[in-house]
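> Structure incoming, see below.
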Amino acid sequence: MKSSTQIIPGAFFTGNIQRTTPYEKVSPVALIKRGEKPEPDDFRGEQALFFNVKGKGLVVLSGCAHTGIVNTVRQAQKVSGTEKVHAIMGGFHLINAKPERIQSTVADIKAMKPDHIVPAHCTGFEAIVAFSKEMPDAFTLNTAGTKYTFGG
């Protein structure tokens with residue numbers, strides 16, 4: 001699915017995520033079999049889910065954000081035509097990332113001024129701590145069984 005698609009009223013897939021940040025690079029160790037031999041996986045088909053909460057802004061839900069969480073949110077902003085970000089939730093794929101990448105990611109997400117930031121599974125401890133320190137009012141530590149409700 002190359003372009004954004006509405007899957008149910010008000011909820012959309014981003015379509016293919018454009019890579020606009022210089023620091024969100026896909027790991028060369030992830031492989032995929034295309035044809036007869038494995039090659040580095042560029043996650044060209046990765047997407048995220050988003051919806052726009054009336055009066056509040058976008059809620060962006062990522063799986064692992066292999067293409068970068070900043071790229072992912074920017075794609076949702078672009079295809080929706082909405083700049084305001086209400087919440088960013090999911091895996092940010094920063095586990096084992098270099099400190100410079102974590103710092104750049106946190107700075108770019110902080111500049112988006114989301115009301116809620118909820119990093120999950122593959123974000124990694126160091127990045128979770130960085131988000132909690134830099135964005136304490138927006139940060140939520142995600143735990144199994146937590147229910148989130150967004151309404152406008």
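Identifiers for the structure tokens are assigned positionally: chains receive A, B, ... in sequence, residues are indexed from 1 per chain, and ligands are indexed from 1 in the order shown.
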Quick one: residues within 9 Å of Phe43 in chain A, only C-alpha atoms, excluding same-chain residues fewer than 5 positions away - as an MDAnalysis selection string?
chainID A and resid 26 66:67
> Since we have the selection now, will you write its residues out, keeping C-alpha atoms, as a tab-separated table (two decimals), in the first residue's frame?

```
chain	number	residue	atom	x	y	z
A	26	VAL	CA	17.51	1.17	8.93
A	66	HIS	CA	11.99	0.74	11.65
A	67	THR	CA	11.90	3.71	9.25
```
> Which residues are close to range 112-129 of chain A, i.e. within 10 Å by only C-alpha atoms, leaving aside same-chain residues fewer than 4 positions away? Reply as a PyMOL selection string.
chain A and resi 56-66+69-70+73-74+83-99+101-103+105-108+133-144
> Env of Val79 in chain A: 9 Å cut, atoms = only C-alpha atoms, seq-sep filter 3 positions within chain, self excluded. Answer as a short mmCIF file (atom, residue, chain, number, x, y, z; two decimals) with all heavy atoms, in the first residue's frame.

```
data_model
loop_
_atom_site.label_atom_id
_atom_site.label_comp_id
_atom_site.auth_asym_id
_atom_site.auth_seq_id
_atom_site.Cartn_x
_atom_site.Cartn_y
_atom_site.Cartn_z
N SER A 3 0.04 4.43 -0.81
CA SER A 3 -0.57 5.69 -0.39
C SER A 3 -1.42 5.47 0.86
O SER A 3 -1.79 4.34 1.18
CB SER A 3 -1.42 6.27 -1.52
OG SER A 3 -2.46 5.37 -1.86
N SER A 4 -1.74 6.56 1.53
CA SER A 4 -2.56 6.51 2.73
C SER A 4 -3.92 5.93 2.39
O SER A 4 -4.50 6.23 1.35
CB SER A 4 -2.70 7.92 3.30
OG SER A 4 -3.54 7.91 4.42
N THR A 14 -0.69 5.10 7.07
CA THR A 14 0.12 6.19 6.52
C THR A 14 0.47 6.02 5.06
O THR A 14 0.79 6.99 4.38
CB THR A 14 1.45 6.32 7.28
OG1 THR A 14 2.13 5.06 7.22
CG2 THR A 14 1.26 6.77 8.71
N GLY A 15 0.45 4.78 4.56
CA GLY A 15 1.08 4.52 3.27
C GLY A 15 2.58 4.43 3.51
O GLY A 15 3.05 4.52 4.66
N ARG A 74 5.90 12.41 10.84
CA ARG A 74 5.88 13.39 9.74
C ARG A 74 5.04 12.90 8.57
O ARG A 74 4.35 13.68 7.92
CB ARG A 74 7.30 13.71 9.28
CG ARG A 74 8.05 14.58 10.27
CD ARG A 74 9.45 14.88 9.78
NE ARG A 74 10.15 15.73 10.72
CZ ARG A 74 11.45 15.96 10.68
NH1 ARG A 74 12.20 15.41 9.73
NH2 ARG A 74 12.02 16.74 11.58
N GLN A 75 5.07 11.59 8.30
CA GLN A 75 4.25 11.04 7.23
C GLN A 75 2.76 11.18 7.56
O GLN A 75 1.96 11.56 6.72
CB GLN A 75 4.60 9.56 6.98
CG GLN A 75 3.84 8.93 5.85
CD GLN A 75 4.28 9.42 4.48
OE1 GLN A 75 5.37 9.96 4.32
NE2 GLN A 75 3.42 9.26 3.49
N ALA A 76 2.40 10.90 8.81
CA ALA A 76 1.01 11.06 9.23
C ALA A 76 0.58 12.52 9.12
O ALA A 76 -0.53 12.82 8.66
CB ALA A 76 0.82 10.54 10.66
N THR A 82 -2.56 17.67 8.86
CA THR A 82 -2.69 18.15 10.24
C THR A 82 -1.32 18.19 10.90
O THR A 82 -0.63 17.17 10.95
CB THR A 82 -3.63 17.21 11.05
OG1 THR A 82 -4.89 17.17 10.41
CG2 THR A 82 -3.79 17.69 12.48
#
```
> Excluding Leu31 in chain A and residues on its chain fewer than 5 positions from it, collect all residues at most 8 Å away from it, counting only C-alpha atoms, and give them as a list in words.
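What passes the distance filter is Pro38, Glu39, Pro40 and Asp41 of chain A.
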> Could you give me the residues within chain A that DSSP places in helix (DSSP H, G or I), as a VMD selection string?
chain A and resid 69 to 80 99 to 112 121 to 123 125 to 134
> Please produce a file of those selected residues containing N, CA and C atoms, as a CSV table (one decimal), in the first residue's frame.

```
chain,number,residue,atom,x,y,z
A,69,ILE,N,10.7,6.9,14.0
A,69,ILE,CA,9.4,7.4,14.6
A,69,ILE,C,9.2,8.9,14.1
A,70,VAL,N,10.2,9.6,13.9
A,70,VAL,CA,10.1,11.0,13.5
A,70,VAL,C,9.6,11.0,12.0
A,71,ASN,N,10.2,10.1,11.2
A,71,ASN,CA,9.7,10.0,9.8
A,71,ASN,C,8.2,9.5,9.8
A,72,THR,N,7.9,8.6,10.7
A,72,THR,CA,6.5,8.1,10.8
A,72,THR,C,5.5,9.2,11.1
A,73,VAL,N,5.8,9.9,12.1
A,73,VAL,CA,4.9,11.0,12.5
A,73,VAL,C,4.8,12.1,11.4
A,74,ARG,N,5.9,12.4,10.8
A,74,ARG,CA,5.9,13.4,9.7
A,74,ARG,C,5.0,12.9,8.6
A,75,GLN,N,5.1,11.6,8.3
A,75,GLN,CA,4.2,11.0,7.2
A,75,GLN,C,2.8,11.2,7.6
A,76,ALA,N,2.4,10.9,8.8
A,76,ALA,CA,1.0,11.1,9.2
A,76,ALA,C,0.6,12.5,9.1
A,77,GLN,N,1.5,13.4,9.5
A,77,GLN,CA,1.1,14.9,9.4
A,77,GLN,C,0.9,15.2,7.9
A,78,LYS,N,1.8,14.8,7.1
A,78,LYS,CA,1.8,15.1,5.7
A,78,LYS,C,0.5,14.6,5.0
A,79,VAL,N,0.2,13.3,5.2
A,79,VAL,CA,-1.0,12.8,4.5
A,79,VAL,C,-2.3,13.2,5.1
A,80,SER,N,-2.3,13.6,6.4
A,80,SER,CA,-3.5,14.1,7.0
A,80,SER,C,-3.8,15.6,6.8
A,99,PRO,N,23.7,7.1,21.3
A,99,PRO,CA,23.1,8.3,22.1
A,99,PRO,C,22.8,9.5,21.2
A,100,GLU,N,23.5,9.7,20.1
A,100,GLU,CA,23.3,10.8,19.2
A,100,GLU,C,21.9,10.6,18.5
A,101,ARG,N,21.6,9.4,18.1
A,101,ARG,CA,20.3,9.2,17.5
A,101,ARG,C,19.2,9.4,18.4
A,102,ILE,N,19.4,8.9,19.6
A,102,ILE,CA,18.3,9.0,20.7
A,102,ILE,C,18.1,10.5,20.9
A,103,GLN,N,19.2,11.3,21.1
A,103,GLN,CA,19.1,12.7,21.3
A,103,GLN,C,18.4,13.5,20.2
A,104,SER,N,18.7,13.1,19.0
A,104,SER,CA,18.1,13.7,17.8
A,104,SER,C,16.6,13.4,17.7
A,105,THR,N,16.3,12.2,18.0
A,105,THR,CA,14.9,11.7,18.0
A,105,THR,C,14.1,12.4,19.0
A,106,VAL,N,14.6,12.4,20.2
A,106,VAL,CA,13.9,13.1,21.3
A,106,VAL,C,13.7,14.6,21.0
A,107,ALA,N,14.7,15.2,20.5
A,107,ALA,CA,14.6,16.7,20.2
A,107,ALA,C,13.5,16.9,19.1
A,108,ASP,N,13.5,16.1,18.1
A,108,ASP,CA,12.5,16.3,17.0
A,108,ASP,C,11.1,16.0,17.5
A,109,ILE,N,10.9,15.0,18.3
A,109,ILE,CA,9.6,14.7,18.8
A,109,ILE,C,9.2,15.8,19.8
A,110,LYS,N,10.1,16.2,20.6
A,110,LYS,CA,9.8,17.3,21.6
A,110,LYS,C,9.3,18.6,20.8
A,111,ALA,N,10.0,18.9,19.7
A,111,ALA,CA,9.6,20.0,18.9
A,111,ALA,C,8.2,19.9,18.3
A,112,MET,N,7.7,18.7,18.2
A,112,MET,CA,6.3,18.5,17.7
A,112,MET,C,5.3,18.8,18.7
A,121,HIS,N,7.6,-1.3,23.5
A,121,HIS,CA,8.5,-2.5,23.4
A,121,HIS,C,9.9,-2.2,22.9
A,122,CYS,N,10.1,-1.9,21.6
A,122,CYS,CA,11.4,-1.8,21.0
A,122,CYS,C,12.1,-0.4,21.1
A,123,THR,N,11.5,0.4,22.0
A,123,THR,CA,12.1,1.8,22.1
A,123,THR,C,13.4,1.7,22.9
A,125,PHE,N,15.5,1.0,26.8
A,125,PHE,CA,15.6,1.7,28.1
A,125,PHE,C,16.1,3.1,28.0
A,126,GLU,N,17.3,3.2,27.3
A,126,GLU,CA,17.9,4.5,27.3
A,126,GLU,C,17.0,5.6,26.7
A,127,ALA,N,16.3,5.2,25.6
A,127,ALA,CA,15.4,6.2,24.9
A,127,ALA,C,14.2,6.5,25.8
A,128,ILE,N,13.7,5.5,26.5
A,128,ILE,CA,12.5,5.7,27.3
A,128,ILE,C,12.9,6.7,28.4
A,129,VAL,N,14.1,6.5,29.0
A,129,VAL,CA,14.6,7.4,30.1
A,129,VAL,C,14.7,8.8,29.5
A,130,ALA,N,15.3,8.9,28.3
A,130,ALA,CA,15.5,10.2,27.7
A,130,ALA,C,14.1,10.9,27.4
A,131,PHE,N,13.1,10.2,26.9
A,131,PHE,CA,11.8,10.8,26.7
A,131,PHE,C,11.2,11.2,28.1
A,132,SER,N,11.4,10.4,29.1
A,132,SER,CA,10.8,10.7,30.4
A,132,SER,C,11.4,12.0,31.0
A,133,LYS,N,12.7,12.2,30.8
A,133,LYS,CA,13.4,13.3,31.3
A,133,LYS,C,13.1,14.6,30.5
A,134,GLU,N,13.1,14.5,29.2
A,134,GLU,CA,12.9,15.7,28.3
A,134,GLU,C,11.5,16.1,28.2
```
> Using only C-alpha atoms, which of A:Gly145, A:Ile7, A:Ile32, A:Phe150 sits nearest Arg44 in chain A?
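Checking each candidate against Arg44 in chain A, we get A:Ile32 as the closest.
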> Please measure the separation of CA of Gly81 in chain A and CA of Gly55 in chain A, giving the value in Å to one decimal.
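It comes out at 14.2 Å.
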> Pull the strand (DSSP E) assignments for chain A out of DSSP run on the backbone, and list those residues as a PyMOL selection string.
chain A and resi 5-8+11-13+31-34+37-40+49-53+57-62+85-90+116-119
> So which one's closest to Pro28 in chain A, A:Asp42, A:Lys2, A:Ala48, A:Thr149? Using only C-alpha atoms, please.
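Answer, going by the shortest atom-to-atom distance: A:Asp42.
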> For the atom pair CA of Ala11 in chain A and CA of Phe51 in chain A, what is the interatomic distance in Å to one decimal place?
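That distance, rounded to one decimal, is 4.7 Å.
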> Figure out the distance between CA of Ala30 in chain A and CA of Gly45 in chain A, please, to one decimal in Å.
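These atoms are spaced 14.2 Å apart.
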